[in-house]
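Q: File follows, target_31.cif with mmCIF, C-alpha atoms:
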data_final
loop_
_atom_site.label_atom_id
_atom_site.label_comp_id
_atom_site.auth_asym_id
_atom_site.auth_seq_id
_atom_site.Cartn_x
_atom_site.Cartn_y
_atom_site.Cartn_z
CA MET A 1 90.20 32.34 -64.77
CA THR A 2 88.14 30.40 -62.37
CA THR A 3 88.56 30.82 -58.62
CA THR A 4 87.47 28.02 -56.28
CA VAL A 5 86.43 28.96 -52.75
CA ASP A 6 86.74 26.31 -50.06
CA ALA A 7 84.23 26.97 -47.26
CA GLY A 8 86.08 24.61 -45.00
CA ILE A 9 82.97 22.61 -44.14
CA ASP A 10 83.27 18.86 -43.90
CA ASP A 11 80.40 16.49 -44.24
CA ASP A 12 80.88 15.57 -40.62
CA ASP A 13 80.16 19.15 -39.60
CA ILE A 14 76.72 19.19 -41.15
CA GLU A 15 73.96 18.65 -38.55
CA ILE A 16 70.86 17.06 -39.91
CA ILE A 17 67.74 18.25 -38.14
CA GLU A 18 65.04 15.66 -38.27
CA GLN A 19 61.50 16.83 -38.67
CA PRO A 20 59.30 15.83 -35.70
CA ASP A 21 56.57 13.34 -36.37
CA ILE A 22 53.31 15.18 -36.86
CA GLU A 23 50.38 13.44 -35.15
CA PRO A 24 47.34 13.25 -37.36
CA ALA A 25 44.47 15.36 -36.13
CA SER A 26 42.35 13.33 -33.72
CA ALA A 27 39.01 12.29 -35.07
CA ALA A 28 35.97 14.12 -33.79
CA PRO A 29 34.23 12.29 -30.91
CA ARG A 30 31.70 9.84 -32.20
CA PRO A 31 28.13 10.47 -31.21
CA ARG A 32 26.70 8.18 -28.47
CA THR A 33 24.99 5.20 -29.93
CA ALA A 34 21.44 4.23 -29.05
CA ARG A 35 22.81 1.27 -27.10
CA ALA A 36 24.87 3.55 -24.87
CA VAL A 37 21.73 5.49 -23.98
CA VAL A 38 19.26 2.64 -23.74
CA ARG A 39 21.39 0.35 -21.58
CA PRO A 40 21.67 2.72 -18.57
CA ALA A 41 18.00 3.63 -18.94
CA LEU A 42 17.02 -0.03 -18.81
CA GLY A 43 19.23 -0.52 -15.77
CA ILE A 44 17.54 2.35 -13.94
CA ALA A 45 14.09 1.08 -14.92
CA ALA A 46 14.94 -2.44 -13.72
CA THR A 47 16.21 -1.07 -10.41
CA ILE A 48 13.04 0.94 -9.86
CA LEU A 49 10.87 -2.04 -10.79
CA LEU A 50 12.76 -4.31 -8.39
CA ALA A 51 12.43 -1.73 -5.62
CA PHE A 52 8.68 -1.51 -6.28
CA VAL A 53 8.31 -5.30 -6.08
CA LEU A 54 10.23 -5.31 -2.79
CA PHE A 55 7.94 -2.57 -1.52
CA LEU A 56 4.84 -4.59 -2.41
CA LEU A 57 6.12 -7.81 -0.85
CA VAL A 58 7.89 -6.38 2.20
CA GLY A 59 7.50 -2.65 2.70
CA SER A 60 3.75 -2.55 2.13
CA ARG A 61 3.33 -4.73 5.23
CA LEU A 62 4.40 -1.72 7.31
CA THR A 63 1.77 0.46 5.64
CA ALA A 64 -0.95 -2.12 6.32
CA SER A 65 0.12 -2.51 9.95
CA ARG A 66 -0.03 1.25 10.46
CA ASP A 67 -3.53 1.45 8.94
CA GLN A 68 -4.74 -1.46 11.08
CA VAL A 69 -3.64 0.33 14.25
CA LEU A 70 -5.49 3.48 13.18
CA ARG A 71 -8.60 1.50 12.22
CA GLU A 72 -8.69 -0.35 15.53
CA ARG A 73 -8.34 2.82 17.59
CA ALA A 74 -11.21 4.45 15.73
CA LEU A 75 -13.50 1.40 15.82
CA ARG A 76 -12.93 0.59 19.50
CA ALA A 77 -13.73 4.18 20.45
CA GLU A 78 -16.97 4.05 18.43
CA LEU A 79 -17.94 0.62 19.79
CA ALA A 80 -17.42 1.88 23.33
CA ALA A 81 -19.51 4.98 22.60
CA GLY A 82 -22.19 3.01 20.72
CA THR A 83 -21.66 5.08 17.57
CA ALA A 84 -20.10 2.48 15.25
CA PRO A 85 -21.78 2.61 11.80
CA ILE A 86 -24.24 -0.22 11.14
CA GLY A 87 -25.64 0.62 7.73
CA GLY A 88 -26.79 3.30 5.34
CA ARG A 89 -24.31 5.34 3.34
CA ILE A 90 -21.00 4.84 5.17
CA ASP A 91 -17.94 6.78 4.05
CA PRO A 92 -15.35 4.53 2.32
CA GLY A 93 -12.51 3.64 4.63
CA THR A 94 -14.60 3.85 7.81
CA PRO A 95 -13.88 0.90 10.16
CA ILE A 96 -17.02 -1.23 10.59
CA ALA A 97 -16.10 -4.66 12.03
CA ILE A 98 -13.52 -6.88 13.70
CA LEU A 99 -12.82 -10.08 11.73
CA THR A 100 -11.37 -13.12 13.51
CA VAL A 101 -10.48 -16.44 11.84
CA PRO A 102 -8.81 -18.63 14.51
CA GLU A 103 -7.74 -21.38 12.09
CA LEU A 104 -5.65 -18.90 10.09
CA GLY A 105 -4.56 -16.63 12.93
CA ILE A 106 -6.41 -13.72 11.36
CA ARG A 107 -7.53 -10.72 13.38
CA GLN A 108 -8.23 -7.75 11.16
CA ILE A 109 -10.26 -4.54 11.26
CA VAL A 110 -12.64 -4.38 8.30
CA ALA A 111 -13.32 -1.06 6.60
CA GLU A 112 -16.20 0.00 4.36
CA SER A 113 -15.55 -0.29 0.59
CA THR A 114 -13.23 -2.58 -1.34
CA SER A 115 -11.27 -0.32 -3.68
CA SER A 116 -7.56 -0.99 -3.91
CA SER A 117 -6.68 2.00 -1.73
CA ILE A 118 -8.97 0.67 1.05
CA THR A 119 -7.76 -2.95 0.98
CA ALA A 120 -4.20 -1.67 1.26
CA GLY A 121 -5.06 -1.15 4.93
CA GLY A 122 -6.86 -4.46 5.51
CA PRO A 123 -10.08 -6.25 4.52
CA GLY A 124 -12.90 -4.26 3.00
CA HIS A 125 -16.68 -4.78 2.98
CA VAL A 126 -18.45 -4.71 -0.39
CA ARG A 127 -20.88 -1.81 0.06
CA ALA A 128 -23.58 -3.36 -2.11
CA THR A 129 -23.98 -6.32 0.29
CA PRO A 130 -25.51 -6.50 3.80
CA MET A 131 -23.43 -5.70 6.85
CA PRO A 132 -21.84 -8.69 8.64
CA GLY A 133 -24.28 -10.42 10.99
CA GLN A 134 -27.34 -9.42 8.99
CA ALA A 135 -29.49 -11.63 6.77
CA GLY A 136 -28.16 -11.98 3.24
CA ASN A 137 -24.70 -12.45 1.77
CA SER A 138 -22.12 -10.16 3.35
CA VAL A 139 -18.96 -10.05 1.20
CA LEU A 140 -15.46 -9.15 2.37
CA ILE A 141 -12.39 -8.75 0.14
CA ALA A 142 -8.74 -8.73 1.27
CA ARG A 143 -5.31 -9.10 -0.28
CA ARG A 144 -3.48 -12.35 -0.80
CA THR A 145 0.08 -11.26 -1.67
CA THR A 146 0.69 -7.60 -0.79
CA PHE A 147 0.04 -5.23 2.11
CA GLY A 148 0.30 -7.86 4.80
CA ALA A 149 -1.72 -10.41 2.77
CA PRO A 150 -4.49 -11.07 5.35
CA PHE A 151 -6.09 -13.73 3.11
CA ARG A 152 -2.79 -15.33 2.03
CA HIS A 153 -3.86 -18.77 3.33
CA LEU A 154 -7.59 -18.53 2.68
CA ASP A 155 -7.35 -21.75 0.68
CA ARG A 156 -6.42 -23.58 3.90
CA LEU A 157 -9.87 -23.09 5.38
CA ALA A 158 -12.01 -26.21 5.57
CA PRO A 159 -15.72 -26.82 6.08
CA GLY A 160 -16.54 -26.45 9.75
CA ASP A 161 -13.91 -23.81 10.54
CA ALA A 162 -15.19 -20.88 12.57
CA ILE A 163 -15.27 -17.20 11.57
CA ARG A 164 -16.30 -14.42 13.94
CA LEU A 165 -17.21 -10.81 13.27
CA THR A 166 -18.08 -7.99 15.65
CA THR A 167 -19.91 -4.87 14.48
CA GLY A 168 -21.87 -2.08 16.12
CA GLN A 169 -24.80 -4.53 16.25
CA GLY A 170 -22.85 -7.12 18.24
CA PRO A 171 -20.96 -10.38 17.54
CA ALA A 172 -21.79 -12.81 14.73
CA ARG A 173 -20.63 -16.42 14.36
CA TYR A 174 -20.14 -18.14 11.02
CA ARG A 175 -19.14 -21.67 10.00
CA VAL A 176 -17.27 -22.33 6.73
CA THR A 177 -19.24 -24.41 4.21
CA GLU A 178 -16.91 -24.50 1.19
CA VAL A 179 -13.74 -23.10 -0.35
CA THR A 180 -13.66 -22.84 -4.13
CA THR A 181 -12.74 -20.58 -7.04
CA ALA A 182 -14.83 -18.43 -9.36
CA SER A 183 -14.16 -16.58 -12.59
CA ALA A 184 -13.76 -12.83 -12.67
CA GLU A 185 -17.10 -12.52 -14.46
CA ASP A 186 -19.03 -14.63 -11.93
CA ALA A 187 -21.33 -12.15 -10.19
CA SER A 188 -22.91 -14.91 -8.11
CA VAL A 189 -20.16 -14.49 -5.50
CA PHE A 190 -21.91 -11.26 -4.50
CA ALA A 191 -25.46 -12.66 -4.64
CA THR A 192 -27.58 -13.90 -1.73
CA THR A 193 -28.62 -17.54 -1.80
CA SER A 194 -29.88 -17.87 1.77
CA ARG A 195 -32.42 -15.85 3.71
CA ARG A 196 -30.74 -16.60 7.00
CA GLY A 197 -27.30 -15.18 6.52
CA GLU A 198 -24.05 -15.86 4.70
CA LEU A 199 -20.49 -14.61 4.64
CA THR A 200 -18.25 -14.70 1.57
CA LEU A 201 -14.52 -14.04 1.77
CA LEU A 202 -12.83 -13.19 -1.54
CA THR A 203 -9.23 -12.81 -2.60
CA ALA A 204 -7.04 -13.16 -5.69
CA ASP A 205 -6.34 -16.44 -7.43
CA PRO A 206 -3.65 -17.25 -8.47
CA PRO A 207 -1.92 -15.28 -5.71
CA ARG A 208 0.26 -13.11 -7.97
CA ARG A 209 -1.99 -12.75 -11.02
CA ALA A 210 -5.50 -12.03 -9.75
CA THR A 211 -7.31 -13.44 -12.79
CA ARG A 212 -10.12 -15.05 -10.78
CA TYR A 213 -11.49 -15.28 -7.24
CA LEU A 214 -10.59 -17.60 -4.41
CA VAL A 215 -13.87 -17.94 -2.50
CA ALA A 216 -14.59 -19.06 1.06
CA ARG A 217 -18.30 -19.28 1.93
CA ALA A 218 -19.67 -19.53 5.46
CA ARG A 219 -23.12 -19.87 7.04
CA LEU A 220 -24.36 -17.60 9.83
CA GLU A 221 -24.88 -19.64 13.02
CA SER A 222 -25.86 -16.87 15.42
CA ASP A 223 -29.21 -15.10 15.14
CA PRO A 224 -29.30 -12.47 12.38
CA VAL A 225 -29.31 -8.87 13.57
CA ALA A 226 -31.66 -6.23 12.18
CA SER A 227 -31.11 -5.39 8.51
CA THR A 228 -30.08 -1.88 7.56
CA PRO A 229 -30.03 -0.08 4.18
CA HIS A 230 -26.97 -0.24 1.94
CA VAL A 231 -25.97 1.01 -1.48
CA ARG A 232 -27.15 -1.06 -4.43
CA ARG A 233 -24.30 -0.61 -6.90
CA VAL A 234 -20.53 -0.35 -6.69
CA GLU A 235 -17.87 0.62 -9.19
CA ALA A 236 -15.73 -1.95 -11.00
CA ALA A 237 -12.78 -0.85 -8.85
CA GLU A 238 -14.60 -2.31 -5.81
CA THR A 239 -15.00 -5.84 -7.15
CA GLY A 240 -11.53 -6.96 -6.05
CA LEU A 241 -9.89 -7.81 -9.37
CA ALA A 242 -9.48 -4.25 -10.63
CA GLY A 243 -7.27 -1.35 -9.66
CA ASP A 244 -8.25 2.10 -8.44
CA GLY A 245 -7.19 4.98 -10.66
CA SER A 246 -8.77 7.71 -8.56
CA GLY A 247 -5.43 8.56 -6.95
CA ILE A 248 -3.51 9.19 -10.18
CA GLY A 249 -3.13 12.85 -9.18
CA GLY A 250 -1.24 11.83 -6.06
CA LEU A 251 1.04 9.63 -8.15
CA ILE A 252 1.86 12.51 -10.51
CA LEU A 253 2.57 14.79 -7.55
CA GLY A 254 4.81 12.10 -6.04
CA LEU A 255 6.79 11.76 -9.28
CA VAL A 256 7.28 15.53 -9.41
CA LEU A 257 8.53 15.56 -5.81
CA LEU A 258 10.86 12.63 -6.54
CA ALA A 259 12.31 14.41 -9.58
CA ALA A 260 12.79 17.59 -7.54
CA SER A 261 14.49 15.59 -4.78
CA ALA A 262 16.83 13.97 -7.30
CA LEU A 263 17.78 17.36 -8.75
CA GLY A 264 18.36 18.73 -5.26
CA ALA A 265 20.54 15.75 -4.36
CA THR A 266 22.61 16.31 -7.52
CA TRP A 267 23.07 19.99 -6.66
CA LEU A 268 24.24 19.12 -3.14
CA ALA A 269 26.64 16.46 -4.43
CA LEU A 270 28.33 19.05 -6.67
CA ARG A 271 28.78 21.60 -3.89
CA TRP A 272 29.12 19.69 -0.62
CA ARG A 273 31.36 16.94 0.61
CA PRO A 274 30.05 13.52 -0.49
CA TRP A 275 29.09 12.24 2.96
CA SER A 276 27.34 15.47 3.88
CA ALA A 277 25.33 15.32 0.67
CA TYR A 278 24.45 11.66 1.27
CA LEU A 279 23.27 12.28 4.84
CA VAL A 280 20.90 15.00 3.69
CA SER A 281 19.67 13.66 0.35
CA VAL A 282 19.30 9.90 0.92
CA PRO A 283 16.49 10.11 3.55
CA VAL A 284 14.64 12.60 1.33
CA LEU A 285 14.98 10.38 -1.74
CA VAL A 286 13.85 7.29 0.18
CA ALA A 287 10.79 9.13 1.55
CA ALA A 288 9.88 10.48 -1.89
CA THR A 289 10.29 7.03 -3.48
CA TRP A 290 8.15 5.45 -0.76
CA TRP A 291 5.45 8.04 -1.40
CA VAL A 292 5.50 7.29 -5.13
CA PHE A 293 5.20 3.55 -4.47
CA GLU A 294 2.26 4.07 -2.08
CA GLN A 295 0.49 6.14 -4.73
CA ALA A 296 1.22 3.61 -7.49
CA ALA A 297 0.13 0.51 -5.54
CA PRO A 298 -3.65 1.23 -5.75
CA LEU A 299 -3.43 0.87 -9.52
CA LEU A 300 -3.03 -2.88 -8.90
CA PRO A 301 -6.03 -5.17 -8.19
CA ALA A 302 -7.60 -4.75 -4.73
CA ALA A 303 -7.29 -8.47 -3.91
CA LEU A 304 -3.71 -8.93 -5.11
#
Output the structure of this file as structure tokens.

A:
Amino acid sequence: MTTTVDAGIDDDDIEIIEQPDIEPASAAPRPRTARAVVRPALGIAATILLAFVLFLLVGSRLTASRDQVLRERALRAELAAGTAPIGGRIDPGTPIAILTVPELGIRQIVAESTSSSITAGGPGHVRATPMPGQAGNSVLIARRTTFGAPFRHLDRLAPGDAIRLTTGQGPARYRVTEVTTASAEDASVFATTSRRGELTLLTADPPRRATRYLVARARLESDPVASTPHVRRVEAAETGLAGDGSGIGGLILGLVLLAASALGATWLALRWRPWSAYLVSVPVLVAATWWVFEQAAPLLPAAL
């Protein structure tokens, strides 16, 4: 005998529990592509390069103006005391003459030597040539594009224009005879072609490439002063179209200081309020960057 048991459960009483959708496991993060790394790096490099160009074209003028003030103070004191150097082995960077070119509005203090670090402060005198005012070819080199660009408009000189120089031996008057160009290998720009006295002004040509010389030659009109000894050879870095790598140590030190400043600024930004961190770190970063740019600039040609 079969017994049937009715549980009393209708189909309507059965609750169907739906299984929740199970999200697939998220994929592991994809490694950064080379493009994601290179693009920000190129952006930073472009920003630094642009800042360096702005420093050369604008900021370096402040550096040159500062150096001119210091040169003039030193030279005027020595001229008044009668101790201004007039020849022999003069330390590079020592102020030796006042250069005036009325037609171009130039009034600059000339220093001994023509390496890039010296011409950053104004015109330099090629040590292997006679002092201004003496017999022979006295050669001066100055910049055409950066650091105040004293010789920016040297190509505007014309035959007959006046040039004046004052040294410890007194004033000298010159008259321009020609303005021309010369190749980088043309050593005749430093040679003497007259026994009386000459002056040669050199700068870069073209202005932003420095592949050759722009040359302005002038004849001494006043009486030559007594000749004094001078060095007979100079380094390639003193010829105007080459850079000066002697300060590479300062550049490395500047880069280390800049990196340390950047790390310090990051540390402050993580622990201080943003504006407090900015007020402290930005002046330090600007000063460190300026220092790096000043140390890097002498690597460029001295006449640029």

Q: If we count all atoms listed in the file and set the cut-off at 8 Å, which residues sit around Pro229 (chain A), ignoring sequence neighbours fewer than 6 positions away in its own chain? Please answer as a CSV table (one decimal) with C-alpha atoms, in the coordinates of the input.

A:
chain,number,residue,atom,x,y,z
A,87,GLY,CA,-25.6,0.6,7.7
A,88,GLY,CA,-26.8,3.3,5.3
A,89,ARG,CA,-24.3,5.3,3.3
A,130,PRO,CA,-25.5,-6.5,3.8

Q: So the first atom is CA of Asp67 (chain A) and the second is CA of Ile109 (chain A); what is the distance between them in Å, to one decimal place?

A: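 Here the two named atoms are 9.3 Å from each other.
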
Q: Which residue, A:Ser222, A:Ser183, A:Thr119, A:Thr166, has the smallest gap to Ala297 (chain A) when you use all atoms listed in the file?

A: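 The shortest atom-to-atom distance to Ala297 (chain A) comes from A:Thr119.
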
Q: Tell me which residues the PyMOL selection byres ((chain A and resi 86) around 12) grabs here, as number ranges by chain.

A: A: 75, 78-79, 82-85, 87-91, 94-97, 111-112, 127, 130-134, 166-170, 225-230

Q: What separation in Å, quoted to one decimal, exists between CA of Arg143 (chain A) and CA of Leu202 (chain A)?

A: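 Between these atoms lies a distance of 8.7 Å.
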
Q: Rank nothing, just name the residue among A:Thr239, A:Thr200, A:Gln68, A:Thr192 nearest to Ala303 (chain A), using all atoms listed in the file.

A: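 Under the stated criterion, the closest residue is A:Thr239.
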
Q: When distances are computed from all atoms listed in the file, which of A:Val176, A:Ala51, A:Ala149, A:Leu263 shows the smallest separation from Val292 (chain A)?

A: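 When distances to Val292 (chain A) are compared using all atoms listed in the file, the smallest one comes from A:Ala51.
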
Q: Spell out the residues picked by the PyMOL selection byres ((chain A and resi 211-221) around 7) here, as a ChimeraX atom specification.

A: /A:173-184,197-206,209-210,222-223

Q: A:Thr266, A:Gln295, A:Ser194, A:Ser113: which is nearest Thr63 (chain A), counting all atoms listed in the file?

A: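 The closest residue to Thr63 (chain A) is A:Gln295.
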
Q: Residues within 10 Å of Val101 (chain A), please, as a PyMOL selection string. Count all atoms listed in the file; anything in the same chain fewer than 2 positions from it doesn't count.

A: chain A and resi 99+103-108+154+157+161-165+174

Q: For each of A:Ala172, A:Leu49, A:Ile141, A:Leu70, take the minimum atom-to-atom distance to Ala302 (chain A), counting all atoms listed in the file, then give the residue where this is smallest.

A: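 The answer is A:Ile141, which sits nearest to Ala302 (chain A).
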
Q: Can you sort out the box for region 218-236 of chain A, edges along x, y and z, all listed atoms in, 8 Å on every side, with centre and edge lengths in Å to one decimal, as lines of an AutoDock Vina configuration file?

A:
center_x = -23.7
center_y = -9.4
center_z = 2.2
size_x = 31.9
size_y = 36.9
size_z = 42.4

Q: Counting all atoms listed in the file, which residues have an atom no more than 8 Å from (-1.4, -7.9, 3.9) in the file's coordinates? Please list them as a list in words.

A: Ser60, Arg61, Ala64, Ala120, Gly121, Gly122, Ala142, Arg143, Arg144, Thr145, Thr146, Phe147, Gly148, Ala149, Pro150, Phe151 and Arg152 of chain A

Q: If I take CA of Phe190 (chain A) and CA of Thr129 (chain A), how far is one from the other in Å, to one decimal?

A: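 Those two atoms sit 7.2 Å apart.
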